[in-house]
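See below for the structure under consideration.
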Amino acid sequence: MGRYNHRVSEAKWQRIWDERRTFEVRADPSRPKYYVLEMFPYPSGRIHMGHVRNYTLGDVIARLKRAQGYNVLHPMGWDAFGLPAEGAAIKRGIHPKTWTWNNIAEMRAQIRAMGLSIDWTREFATCDPAYYRHEQAMFLAMYERGLVYRKESWVNWDPVDQTVLANEQVIDGRGWRSGAPVERRKLAQWFFKITAYAEDLLAALDRLERWPEKVRLMQRNWIGRSEGARIAFEILGRADRLEVFSTRPDTLFGASFMALAPDHPLAAELAAQDPGLAAFIAECLKGGTSEAALETVEKRGYDTGLRCRNPVRPDQLLPVYVANFVLSEYGTGAIFGCPAHDQRDLEFARTYGLPVRPVVLPEGADPATFAIGEEAYTGDGRLFNSAFLDGLDVPAAKKRIVQELERLGAGRGEVSWRLRDWGVSRQRYWGCPIPMIHCPGCGVVPVPVEQLPVLLPDDIDITGVGNPLDRHPTWKHTSCPRCGGPAQRETDTFDTFVESSWYFARFCDPKNSEKPFDREAVAYWLPVDQYIGGIEHAVLHLLYSRFFTRAMRDCGYLDLDEPFAGLFTQGMITHQTYRDEQGNWLEPGEVVKDESGGLRTRDGRRVIAGRVEKMSKSKLNTVDPTEIIETYGADTARLFMLSDSPPDRDLEWTDAGIDGAWRYLNRLWRIVDERAAALPPPGTPVRHEGLEGADLALARLVHRSIASVTDALERFHFNKAVALIRELTNGIEDYRGDNGPLLREALETFVRLIEPMTPHLAEELWERLGHRHLLADTPWLAPDPSLLVEDRIVLPVQINGRRRSEISVPKGADAATVEAAALADPAVRRILEGRAPRRVVVVADKIVNVVV
RNA sequence: GCCCCAGUGGCGGAACCGGUAGACGCGGCAGACUCAAAAUCUGUUGCCCGCGAGGGCGUGGGGGUUCGAGUCCCUCCUGGGGCACCA
């Protein structure tokens with residue numbers, strides 16, 4: 001008798017798994033593979049509970065699949081470039097490289113303490129030139145193939161720090177460091193042509209059956225395919241025409257104005273002559289640029305004085321406005337406004353007194369009286385007030401108007417996408433250098449492949465002002481590979497989403513110095529069978545990876561379309577927040593309950609319990625996983641992560657919860673400890689034939705548990721799997737029989753079933769049950785089918801849909817037998833009081849419903 | 001503004017295809033052990049009425065489909081997520 005010592009046991013089994021290289025894998029085409037991947041971490045220096053949840057979920061799947069006989073690849077690495085390293089350099093003067101590698105060392109130790117079944121020999125960090133050199137080579141290959149180009153695009157510019165800001169560095173329109181009002185600037189930047197794959201990225205979503213519908217929908221919306229027409233309007237007094245895109249060309253007869261985005265080229269041209277317009281445009285550019293900001297802002301416009309001619313109503317002249325709600329990067333950056341059938345256009349028209357002419361008549365409405373009030377009509381109907389379109393329904397009218405526009409040479413059908421090309425230039429130091437050279441004579445010249453990698457310089461001065469690589473005294477000066485003359489390196493680095501767009505492939509062949517990865521290794525391991533991470537990556541990271549995989553395919557690196565066959569998105573970890581009366585956040589550790597049940601700080605101040613929110617440092621409601629693992633052990637933390645809450649929902653961290661998990665582990669230990677000595681030796685045959693009473697009940701429970709726990713694990717119902725194992729252990733504790741082999745089978749079953757969740761304790765118990773080989777090397781269990789079938793079942797009996805009684809009948813009994821048994825049931829007879837049922841519904845092996 | 005998701009006991013949640021609502025756990029209550037406490041164990045626990053047998057109500061609100069609705073449909077309310085340089 002003794003207590004389970006997690007400190008000793010966890011260190012012991014981690015050492016043994018290491019020494020025996022239990023989780024190291026090699027490609028083996030003779031065996032089925034399974035690739036489990038959690039989204040790799042950014043090395044911030046400390047793991048947080050979100051990581052613990054993420055890796056626990058992945059490890060359960062990895063260990064289950066391994067036990068089921070798969071050759072499991074389960075790697076770990078570091079998404080090591082990024083802004084925080086530069087932040088640390090600015091704030092504390094630490095070199096980003098030193099900071100990053102130190103953080104990696106610390107986080108590796110913290111992650112290792114979780115006891116994950118990871119092949120650590122495959123570890124790499126993306127800031128290592130051994131990694132990013134291949135990225136540079138792939139970028140050049142994609143450039144060759146025309147998948148990379150350069151164009152001007154808008155950035156947030158901090159005029160004091162002379163630097164580009166990320167959206168998160170812009171706080172209330174001001175730079176996070178300088179506090180200066182942020183300006184919008186155009187800068188030449190590098191782009192990946194993700195739009196070249198828009199159609200395929202959209203269509204292929206339908207085939208990603210093991211992705212959450214929610215994520216697929218978000219990607220569909222992001223890609224945003226819409227069918228419509230491009231229409232060219234004659235501008236009075238000018239030679240050029242104004243092109244617009246519309247998804248509702250059928251409403252062209254209802255047009256009453258034109259509107260340009262504030263940064264439309266025509267707007268800029270007119271503003272040069274019109275100070276009022278210039279001021280209006282400047283005002284518009286101050287506001288946010290997100291769709292949400294644009295669509296909630298009050299609709300305002302500026303009449304440019306220009307007039308356009310409606311191509312299908314040549315007598316109608318439309319005023320041309322510059323308007324704050326028109327998106328410059330969608331469609332052509334200009335629209336025609338039809339107030340009757342678009343809410344934004346309607347609000348605009350009401351503000352500026354423009355006509356509202358309905359052209360779509362809802363079913364049943366009277367054309368003589370139909371009018372638009374506060375709400376635009378966007379539904380179906382028949383066209384009217386529209387000459388040759390009159391009487392057509394909306395889809396037919398769309399087709400017809402496009403034909404007419406084509407005939408007039410004024411437009412054509414067009415598919416427009418919300419998806420824009422991926423801008424990857426970042427004006428920062430701690431990223432992968434973009435391998436390009438700017439030559440005054442030859443223009444942009446790629447760095448020759450044999451000169452790769454373009455290394456980041458170590459001697460760097462990071463002040464937060466300007467672009468560090470650009471300010472470096474010598475680094476950017478080089479010679480042109482084409483003409484040999486003096487030239488300059490590109491001083492921008494890649495968006496860190498580039499590194500994370502192919503790391504899953506690198507894990508298949510992480511040491512390759514010749515090329516990013518070997519084709520065969522990737523052909524064996526990819527796609528990732530189960531990818532696990534946060535919903536926050538639902539669009540960008542996952543879409544970029546899908547694009548990159550296609551681009552790598554087209555550049556001949558691999559033969560694959562989709563990188564992630566299965567995706568699971570986990571919920572957040574939340575925790576109670578506390579504030580004092582002044583509104584300052586308090587750490588939970590400071591808060592105590594006083595006699596009256598109220599909350600006080602340790603020094604007696606009143607405390608207000610806030611909402612349960614996502615763990616975050618700013619709200620002081622984080623819990624440090626390393627401390628939890630120290631106190632309770634990794635298995636307890638893992639079990640808590642899996643219990644109670646379904647993994648795709650938010651999980652509230654509570655002291656009671658972690659305590660409950662800890663107590664359960666100790667109970668498991670006692671269950672085995674109290675019974676181990678009396679058991680027959682390992683391998684003693686167990687007989688399932690002729691069992692009765694408590695023995696039969698236990699055997700049935702054991703085998704039902706094997707089936708149900710396996711099913712729950714495979715379907716990511718980990719909270720249910722834990723509950724089912726608890727039922728099994730409850731049954732084992734209640735067992736009073738003396739069938740030693742059966743009891744051994746029961747104990748071994750629960751130990752085997754719980755191993756993916758609490759591997760250290762499971763190994764310890766397995767050893768205690770007399771086994772010499774590792775549980776981690778022991779196959780998964782299959783239930784004995786003879787113990788899964790019941791010969792009699794209990795059927796609920798309903799009267800008028802309410803359960804009133806239950807009857808026991810043979811499994812598969814026919815309707816007549818069940819009906820007779822139900823009507824003979826004393827409780828049923830009593831309630832019927834001699835009345836004859838009007839109808840009896842029998843659903844075989846499910847239910848009886850007596851209708852009176 | 002647009003798109004999407006969720007809402008079940010005091011709490012976390014379970015209920016797979018429309019078929020016994022509340023598995024499993026936390027908490028509570030009562031008891032055992034103990035000088036006492038902790039730990040552990042046993043019983044009990046959706047709400048209301050009733051001594052009891054038993055009955056009524058109950059899955060955010062309202063309506064509908066069905067022999068039967070937490071589950072399907074309509075509508076409303078509340079909370080959450082996404083809408084292009086954090087990772």
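The way I read the labels, and the way they are meant: chains A, B, ... in the order of the structure tokens, residue 1 as the first residue of every chain, and ligand 1 as the first ligand shown, with later ones counted on from there.
When the distance limit is 12 Å and only C-alpha atoms (C1' of nucleotides) are what count, the residues near C57 of chain B, minus those fewer than 6 positions from it on the same chain, are G46, C47, C48 and C49 of chain B.
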For the residues in that selection, give me all heavy atoms as a compact mmCIF listing (two decimals), in the first residue's frame.
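Saved result, part07.txt, follows:
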# COMPACT_ATOMS: atom_id res chain seq x y z
P G B 46 -33.12 14.36 -8.54
OP1 G B 46 -34.38 13.60 -8.63
OP2 G B 46 -31.85 13.74 -8.98
O5' G B 46 -33.29 15.73 -9.33
C5' G B 46 -32.22 16.65 -9.41
C4' G B 46 -32.71 17.92 -10.04
O4' G B 46 -33.11 17.64 -11.39
C3' G B 46 -33.93 18.52 -9.38
O3' G B 46 -33.57 19.35 -8.29
C2' G B 46 -34.58 19.29 -10.52
O2' G B 46 -33.92 20.53 -10.72
C1' G B 46 -34.28 18.38 -11.71
N9 G B 46 -35.38 17.45 -12.03
C8 G B 46 -35.32 16.09 -11.99
N7 G B 46 -36.44 15.52 -12.35
C5 G B 46 -37.28 16.59 -12.64
C6 G B 46 -38.63 16.59 -13.08
O6 G B 46 -39.37 15.64 -13.32
N1 G B 46 -39.11 17.89 -13.23
C2 G B 46 -38.39 19.02 -13.00
N2 G B 46 -39.02 20.16 -13.20
N3 G B 46 -37.11 19.02 -12.60
C4 G B 46 -36.64 17.78 -12.44
P C B 47 -34.54 19.41 -7.01
OP1 C B 47 -33.80 20.16 -5.99
OP2 C B 47 -35.09 18.07 -6.71
O5' C B 47 -35.75 20.31 -7.53
C5' C B 47 -35.55 21.69 -7.84
C4' C B 47 -36.82 22.27 -8.39
O4' C B 47 -37.16 21.60 -9.63
C3' C B 47 -38.06 22.05 -7.53
O3' C B 47 -38.15 22.99 -6.47
C2' C B 47 -39.18 22.19 -8.55
O2' C B 47 -39.40 23.55 -8.88
C1' C B 47 -38.56 21.49 -9.76
N1 C B 47 -38.92 20.05 -9.82
C2 C B 47 -40.20 19.71 -10.30
O2 C B 47 -40.97 20.62 -10.64
N3 C B 47 -40.54 18.41 -10.39
C4 C B 47 -39.67 17.46 -10.01
N4 C B 47 -40.06 16.19 -10.13
C5 C B 47 -38.38 17.78 -9.51
C6 C B 47 -38.04 19.08 -9.43
P C B 48 -38.85 22.53 -5.12
OP1 C B 48 -38.65 23.65 -4.19
OP2 C B 48 -38.41 21.16 -4.76
O5' C B 48 -40.40 22.44 -5.50
C5' C B 48 -41.12 23.62 -5.85
C4' C B 48 -42.53 23.26 -6.28
O4' C B 48 -42.48 22.41 -7.46
C3' C B 48 -43.33 22.42 -5.28
O3' C B 48 -43.85 23.19 -4.23
C2' C B 48 -44.40 21.84 -6.19
O2' C B 48 -45.38 22.81 -6.51
C1' C B 48 -43.60 21.53 -7.45
N1 C B 48 -43.11 20.13 -7.47
C2 C B 48 -44.01 19.12 -7.88
O2 C B 48 -45.17 19.45 -8.18
N3 C B 48 -43.59 17.84 -7.91
C4 C B 48 -42.34 17.54 -7.55
N4 C B 48 -41.97 16.25 -7.61
C5 C B 48 -41.41 18.53 -7.13
C6 C B 48 -41.83 19.81 -7.11
P C B 49 -44.13 22.47 -2.83
OP1 C B 49 -44.52 23.55 -1.90
OP2 C B 49 -42.99 21.57 -2.50
O5' C B 49 -45.39 21.53 -3.13
C5' C B 49 -46.66 22.12 -3.42
C4' C B 49 -47.68 21.05 -3.67
O4' C B 49 -47.32 20.28 -4.87
C3' C B 49 -47.80 19.96 -2.61
O3' C B 49 -48.52 20.39 -1.48
C2' C B 49 -48.51 18.86 -3.39
O2' C B 49 -49.89 19.15 -3.54
C1' C B 49 -47.82 18.96 -4.75
N1 C B 49 -46.71 17.99 -4.86
C2 C B 49 -47.02 16.68 -5.23
O2 C B 49 -48.19 16.37 -5.47
N3 C B 49 -46.01 15.77 -5.33
C4 C B 49 -44.76 16.13 -5.07
N4 C B 49 -43.80 15.21 -5.18
C5 C B 49 -44.42 17.46 -4.68
C6 C B 49 -45.42 18.35 -4.59
I want to know what sits within 12 Å of G9 of chain B, based on only C-alpha atoms (C1' of nucleotides), with residues of the same chain fewer than 4 positions away left out; could you give that as a VMD selection string? chain B and resid 13 21 to 22 27 45 to 47 58 to 59
If you keep N, CA and C atoms (P, O5', C5', C4', C3', O3' and C1' of nucleotides), can you produce a file of those selected residues as a PDB file, in the first residue's frame?
ATOM      1  P     G B  13     -20.238  23.231 -20.588  1.00  0.00           P
ATOM      2  O5'   G B  13     -19.986  21.668 -20.817  1.00  0.00           O
ATOM      3  C5'   G B  13     -20.896  20.863 -21.535  1.00  0.00           C
ATOM      4  C4'   G B  13     -20.777  19.463 -21.013  1.00  0.00           C
ATOM      5  C3'   G B  13     -21.696  18.454 -21.678  1.00  0.00           C
ATOM      6  O3'   G B  13     -21.010  17.840 -22.757  1.00  0.00           O
ATOM      7  C1'   G B  13     -22.034  18.401 -19.345  1.00  0.00           C
ATOM      8  P     A B  21     -38.754  10.375 -21.155  1.00  0.00           P
ATOM      9  O5'   A B  21     -37.505  11.358 -21.182  1.00  0.00           O
ATOM     10  C5'   A B  21     -36.717  11.488 -20.036  1.00  0.00           C
ATOM     11  C4'   A B  21     -35.320  11.850 -20.445  1.00  0.00           C
ATOM     12  C3'   A B  21     -34.382  12.036 -19.261  1.00  0.00           C
ATOM     13  O3'   A B  21     -33.790  10.797 -18.933  1.00  0.00           O
ATOM     14  C1'   A B  21     -34.249  13.914 -20.708  1.00  0.00           C
ATOM     15  P     G B  22     -33.373  10.449 -17.462  1.00  0.00           P
ATOM     16  O5'   G B  22     -32.173  11.428 -17.175  1.00  0.00           O
ATOM     17  C5'   G B  22     -30.981  11.350 -17.955  1.00  0.00           C
ATOM     18  C4'   G B  22     -30.123  12.528 -17.595  1.00  0.00           C
ATOM     19  C3'   G B  22     -29.756  12.583 -16.123  1.00  0.00           C
ATOM     20  O3'   G B  22     -28.549  11.883 -15.971  1.00  0.00           O
ATOM     21  C1'   G B  22     -30.475  14.723 -16.932  1.00  0.00           C
ATOM     22  P     G B  27     -16.696  18.552  -5.052  1.00  0.00           P
ATOM     23  O5'   G B  27     -17.960  19.487  -4.813  1.00  0.00           O
ATOM     24  C5'   G B  27     -17.823  20.914  -4.849  1.00  0.00           C
ATOM     25  C4'   G B  27     -19.198  21.545  -4.802  1.00  0.00           C
ATOM     26  C3'   G B  27     -20.052  21.189  -3.605  1.00  0.00           C
ATOM     27  O3'   G B  27     -19.701  21.933  -2.451  1.00  0.00           O
ATOM     28  C1'   G B  27     -21.351  20.998  -5.551  1.00  0.00           C
ATOM     29  P     U B  45     -32.405  10.194  -5.078  1.00  0.00           P
ATOM     30  O5'   U B  45     -32.087  11.738  -5.317  1.00  0.00           O
ATOM     31  C5'   U B  45     -32.868  12.745  -4.684  1.00  0.00           C
ATOM     32  C4'   U B  45     -32.202  14.087  -4.858  1.00  0.00           C
ATOM     33  C3'   U B  45     -31.786  14.411  -6.284  1.00  0.00           C
ATOM     34  O3'   U B  45     -32.867  14.913  -7.033  1.00  0.00           O
ATOM     35  C1'   U B  45     -30.013  14.930  -4.796  1.00  0.00           C
ATOM     36  P     G B  46     -33.122  14.361  -8.536  1.00  0.00           P
ATOM     37  O5'   G B  46     -33.293  15.727  -9.325  1.00  0.00           O
ATOM     38  C5'   G B  46     -32.217  16.649  -9.412  1.00  0.00           C
ATOM     39  C4'   G B  46     -32.707  17.921 -10.038  1.00  0.00           C
ATOM     40  C3'   G B  46     -33.933  18.518  -9.376  1.00  0.00           C
ATOM     41  O3'   G B  46     -33.568  19.349  -8.292  1.00  0.00           O
ATOM     42  C1'   G B  46     -34.280  18.381 -11.712  1.00  0.00           C
ATOM     43  P     C B  47     -34.543  19.410  -7.012  1.00  0.00           P
ATOM     44  O5'   C B  47     -35.750  20.313  -7.532  1.00  0.00           O
ATOM     45  C5'   C B  47     -35.547  21.691  -7.836  1.00  0.00           C
ATOM     46  C4'   C B  47     -36.817  22.273  -8.389  1.00  0.00           C
ATOM     47  C3'   C B  47     -38.060  22.053  -7.527  1.00  0.00           C
ATOM     48  O3'   C B  47     -38.151  22.991  -6.474  1.00  0.00           O
ATOM     49  C1'   C B  47     -38.563  21.486  -9.758  1.00  0.00           C
ATOM     50  P     G B  58     -44.351  21.773 -19.204  1.00  0.00           P
ATOM     51  O5'   G B  58     -42.808  21.673 -18.837  1.00  0.00           O
ATOM     52  C5'   G B  58     -42.098  22.838 -18.464  1.00  0.00           C
ATOM     53  C4'   G B  58     -40.697  22.456 -18.035  1.00  0.00           C
ATOM     54  C3'   G B  58     -39.843  21.829 -19.122  1.00  0.00           C
ATOM     55  O3'   G B  58     -39.259  22.831 -19.930  1.00  0.00           O
ATOM     56  C1'   G B  58     -39.635  20.590 -17.102  1.00  0.00           C
ATOM     57  P     U B  59     -38.926  22.578 -21.475  1.00  0.00           P
ATOM     58  O5'   U B  59     -37.366  22.359 -21.492  1.00  0.00           O
ATOM     59  C5'   U B  59     -36.515  23.255 -20.758  1.00  0.00           C
ATOM     60  C4'   U B  59     -35.101  23.129 -21.282  1.00  0.00           C
ATOM     61  C3'   U B  59     -34.942  23.485 -22.760  1.00  0.00           C
ATOM     62  O3'   U B  59     -33.692  24.133 -22.926  1.00  0.00           O
ATOM     63  C1'   U B  59     -34.201  21.289 -22.399  1.00  0.00           C
TER      64        U B  59
END
With only C-alpha atoms (C1' of nucleotides) as the counted atoms, please give the residues lying no more than 10 Å from segment 37-43 of chain B, apart from itself and same-chain residues fewer than 6 positions off, as a ChimeraX atom specification. /A:663,667 /B:30-31
Keeping only N, CA, C and O atoms (P, O5', C5', C4', C3', O3' and C1' of nucleotides), write the selected residues to a file as a short mmCIF file (atom, residue, chain, number, x, y, z; two decimals), in the first residue's frame.
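Final output, saved to out_35.cif:
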data_model
loop_
_atom_site.label_atom_id
_atom_site.label_comp_id
_atom_site.auth_asym_id
_atom_site.auth_seq_id
_atom_site.Cartn_x
_atom_site.Cartn_y
_atom_site.Cartn_z
N ARG A 663 -8.04 13.60 -7.65
CA ARG A 663 -8.61 12.59 -6.75
C ARG A 663 -8.95 11.32 -7.52
O ARG A 663 -8.77 10.21 -7.01
N ARG A 667 -7.68 7.48 -6.98
CA ARG A 667 -8.63 6.39 -6.80
C ARG A 667 -8.27 5.22 -7.74
O ARG A 667 -8.33 4.05 -7.34
P A B 30 -26.60 17.99 6.84
"O5'" A B 30 -26.91 16.42 6.91
"C5'" A B 30 -28.21 15.97 7.25
"C4'" A B 30 -28.29 14.48 7.10
"C3'" A B 30 -27.22 13.67 7.84
"O3'" A B 30 -27.48 13.54 9.22
"C1'" A B 30 -27.44 12.85 5.64
P G B 31 -26.22 13.43 10.23
"O5'" G B 31 -25.54 12.03 9.87
"C5'" G B 31 -26.13 10.82 10.32
"C4'" G B 31 -25.55 9.64 9.61
"C3'" G B 31 -24.15 9.19 10.02
"O3'" G B 31 -24.12 8.52 11.27
"C1'" G B 31 -24.37 9.08 7.67
#
Can you list every residue of chain B that has an atom at most 10 Å from chain A, with its nearest atom pair and the distance in Å to one decimal, using only C-alpha atoms (C1' of nucleotides), ordered by chain then number, as a Markdown table?
| residue | atom | partner | partner_atom | distance |
| --- | --- | --- | --- | --- |
| B:G1 | C1' | A:Glu295 | CA | 5.0 |
| B:C2 | C1' | A:Ala292 | CA | 8.3 |
| B:C3 | C1' | A:Asn221 | CA | 7.5 |
| B:C4 | C1' | A:Lys214 | CA | 7.3 |
| B:C5 | C1' | A:Lys214 | CA | 8.0 |
| B:A6 | C1' | A:Arg649 | CA | 9.7 |
| B:G12 | C1' | A:Asp644 | CA | 5.7 |
| B:G13 | C1' | A:Asp644 | CA | 5.8 |
| B:A14 | C1' | A:Lys720 | CA | 7.6 |
| B:G19 | C1' | A:Ile847 | CA | 5.8 |
| B:U20 | C1' | A:Pro796 | CA | 5.4 |
| B:A23 | C1' | A:Ala723 | CA | 7.9 |
| B:C24 | C1' | A:Ala723 | CA | 4.3 |
| B:G25 | C1' | A:Asp644 | CA | 7.1 |
| B:C26 | C1' | A:Ala656 | CA | 7.0 |
| B:G27 | C1' | A:Ala656 | CA | 9.3 |
| B:A39 | C1' | A:Arg663 | CA | 9.9 |
| B:U40 | C1' | A:Arg667 | CA | 9.6 |
| B:C67 | C1' | A:Val841 | CA | 6.3 |
| B:G68 | C1' | A:Gly801 | CA | 5.0 |
| B:G81 | C1' | A:Ile535 | CA | 9.1 |
| B:G82 | C1' | A:Met218 | CA | 7.1 |
| B:C83 | C1' | A:Glu291 | CA | 6.2 |
| B:A84 | C1' | A:Arg420 | CA | 8.2 |
| B:C85 | C1' | A:Ala166 | CA | 4.3 |
| B:C86 | C1' | A:Glu168 | CA | 6.2 |
| B:A87 | C1' | A:Tyr42 | CA | 6.6 |
Which residues of segment 334-377 of chain A come within 10 Å of segment 241-250 of chain A, and for each one, what is the closest pair of atoms and their distance in Å to one decimal, counting only C-alpha atoms, sorted by chain and residue number, as a Markdown table?
| residue | atom | partner | partner_atom | distance |
| --- | --- | --- | --- | --- |
| A:Ala334 | CA | A:Val244 | CA | 5.0 |
| A:Ile335 | CA | A:Val244 | CA | 5.0 |
| A:Phe336 | CA | A:Val244 | CA | 6.8 |
| A:Gly337 | CA | A:Ser246 | CA | 9.4 |
| A:Cys338 | CA | A:Arg248 | CA | 9.0 |
| A:His341 | CA | A:Arg248 | CA | 8.9 |
| A:Asp342 | CA | A:Arg248 | CA | 9.4 |
| A:Val359 | CA | A:Asp250 | CA | 8.6 |
| A:Val360 | CA | A:Asp250 | CA | 8.8 |
Could those residues be written to a file, using C-alpha atoms, as a compact mmCIF listing (two decimals), in the first residue's frame?
# COMPACT_ATOMS: atom_id res chain seq x y z
CA ALA A 334 -17.01 51.52 -58.07
CA ILE A 335 -20.71 50.70 -58.02
CA PHE A 336 -23.99 51.77 -59.46
CA GLY A 337 -26.52 52.38 -56.72
CA CYS A 338 -30.01 50.91 -56.87
CA HIS A 341 -33.02 46.81 -53.80
CA ASP A 342 -29.92 47.40 -51.67
CA VAL A 359 -37.80 47.33 -60.45
CA VAL A 360 -38.43 43.97 -58.72
Could you give me, as a PDB file with all heavy atoms, in the first residue's frame, the residues within 8 Å of Met49 of chain A, counting only C-alpha atoms (C1' of nucleotides) and dropping anything in the same chain fewer than 3 positions from it?
ATOM      1  N   VAL A  52      -1.552  23.228 -23.511  1.00  0.00           N
ATOM      2  CA  VAL A  52      -1.752  21.957 -22.807  1.00  0.00           C
ATOM      3  C   VAL A  52      -2.950  21.231 -23.393  1.00  0.00           C
ATOM      4  O   VAL A  52      -2.918  20.029 -23.646  1.00  0.00           O
ATOM      5  CB  VAL A  52      -1.934  22.200 -21.290  1.00  0.00           C
ATOM      6  CG1 VAL A  52      -2.274  20.897 -20.578  1.00  0.00           C
ATOM      7  CG2 VAL A  52      -0.677  22.823 -20.695  1.00  0.00           C
ATOM      8  N   ARG A  53      -4.016  21.969 -23.638  1.00  0.00           N
ATOM      9  CA  ARG A  53      -5.205  21.351 -24.206  1.00  0.00           C
ATOM     10  C   ARG A  53      -4.913  20.815 -25.605  1.00  0.00           C
ATOM     11  O   ARG A  53      -5.232  19.681 -25.934  1.00  0.00           O
ATOM     12  CB  ARG A  53      -6.346  22.368 -24.251  1.00  0.00           C
ATOM     13  CG  ARG A  53      -7.681  21.725 -24.554  1.00  0.00           C
ATOM     14  CD  ARG A  53      -8.798  22.728 -24.539  1.00  0.00           C
ATOM     15  NE  ARG A  53     -10.086  22.058 -24.321  1.00  0.00           N
ATOM     16  CZ  ARG A  53     -11.254  22.655 -24.478  1.00  0.00           C
ATOM     17  NH1 ARG A  53     -11.312  23.926 -24.813  1.00  0.00           N
ATOM     18  NH2 ARG A  53     -12.369  21.989 -24.285  1.00  0.00           N
ATOM     19  N   ILE A 573      -9.566  28.239 -23.359  1.00  0.00           N
ATOM     20  CA  ILE A 573      -9.581  28.009 -21.914  1.00  0.00           C
ATOM     21  C   ILE A 573     -10.009  29.321 -21.255  1.00  0.00           C
ATOM     22  O   ILE A 573      -9.414  30.369 -21.516  1.00  0.00           O
ATOM     23  CB  ILE A 573      -8.194  27.640 -21.371  1.00  0.00           C
ATOM     24  CG1 ILE A 573      -7.545  26.556 -22.222  1.00  0.00           C
ATOM     25  CG2 ILE A 573      -8.299  27.217 -19.911  1.00  0.00           C
ATOM     26  CD1 ILE A 573      -7.990  25.183 -21.947  1.00  0.00           C
ATOM     27  N   VAL A 623      -3.550  30.672 -15.560  1.00  0.00           N
ATOM     28  CA  VAL A 623      -3.016  29.677 -14.639  1.00  0.00           C
ATOM     29  C   VAL A 623      -1.815  29.074 -15.344  1.00  0.00           C
ATOM     30  O   VAL A 623      -1.898  28.710 -16.515  1.00  0.00           O
ATOM     31  CB  VAL A 623      -4.066  28.590 -14.330  1.00  0.00           C
ATOM     32  CG1 VAL A 623      -3.465  27.486 -13.494  1.00  0.00           C
ATOM     33  CG2 VAL A 623      -5.273  29.200 -13.627  1.00  0.00           C
ATOM     34  N   ASP A 624      -0.696  28.990 -14.660  1.00  0.00           N
ATOM     35  CA  ASP A 624       0.537  28.521 -15.285  1.00  0.00           C
ATOM     36  C   ASP A 624       0.576  26.996 -15.307  1.00  0.00           C
ATOM     37  O   ASP A 624       0.576  26.363 -14.253  1.00  0.00           O
ATOM     38  CB  ASP A 624       1.728  29.078 -14.502  1.00  0.00           C
ATOM     39  CG  ASP A 624       3.049  28.630 -15.120  1.00  0.00           C
ATOM     40  OD1 ASP A 624       3.024  28.101 -16.249  1.00  0.00           O
ATOM     41  OD2 ASP A 624       4.088  28.805 -14.473  1.00  0.00           O
ATOM     42  N   PRO A 625       0.593  26.415 -16.501  1.00  0.00           N
ATOM     43  CA  PRO A 625       0.574  24.956 -16.588  1.00  0.00           C
ATOM     44  C   PRO A 625       1.757  24.306 -15.871  1.00  0.00           C
ATOM     45  O   PRO A 625       1.620  23.225 -15.295  1.00  0.00           O
ATOM     46  CB  PRO A 625       0.674  24.675 -18.086  1.00  0.00           C
ATOM     47  CG  PRO A 625       0.328  25.936 -18.763  1.00  0.00           C
ATOM     48  CD  PRO A 625       0.644  27.053 -17.825  1.00  0.00           C
TER      49      PRO A 625
END
Near Glu363 of chain A, counting only C-alpha atoms (C1' of nucleotides), which residues have an atom at most 9 Å away, once you skip same-chain residues fewer than 3 positions from it, shown as JSON, numbers by chain? {"A": [366, 380, 381, 382]}
Those same residues, written as a tab-separated table (two decimals), in the first residue's frame with C-alpha atoms?
chain	number	residue	atom	x	y	z
A	366	ASP	CA	-49.53	45.60	-56.90
A	380	ASP	CA	-37.31	37.38	-55.38
A	381	GLY	CA	-40.00	38.62	-57.69
A	382	ARG	CA	-40.82	39.71	-61.22
Could you pull out the residues in segment 729-836 of chain A that DSSP calls helix (DSSP H, G or I) from the backbone, as a PyMOL selection string? chain A and resi 729-734+740-754+759-768+775-777+785-787+815-824+826-832
Going by DSSP on the backbone, which bits of segment 379-628 of chain A are strand (DSSP E or B)? Write them as a ChimeraX atom specification, please. /A:382-383,393,411-417,422-423,425-426,433,436-439,443-446,477-479,486-489,493-494,528,530-534,564,566-570,573-580,585-586,591-593,599-601,606-614
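With distances taken over only C-alpha atoms (C1' of nucleotides), B:C11 is the one residue among B:C77, B:C11, B:A53, B:A69 lying closest to G28 of chain B.
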Exercise: U78 of chain B partners within 12 Å, only C-alpha atoms (C1' of nucleotides), chain neighbours under 3 positions left out, as a PyMOL selection string: chain B and resi 6-7+60-61
Residues within 9 Å of Pro588 of chain A, only C-alpha atoms (C1' of nucleotides), excluding chain neighbours under 4 positions, as a PyMOL selection string: chain A and resi 576-578+592+620-622
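The gap separating atom CA of His773 of chain A from atom CA of Phe718 of chain A is 26.6 Å, in Å to one decimal.
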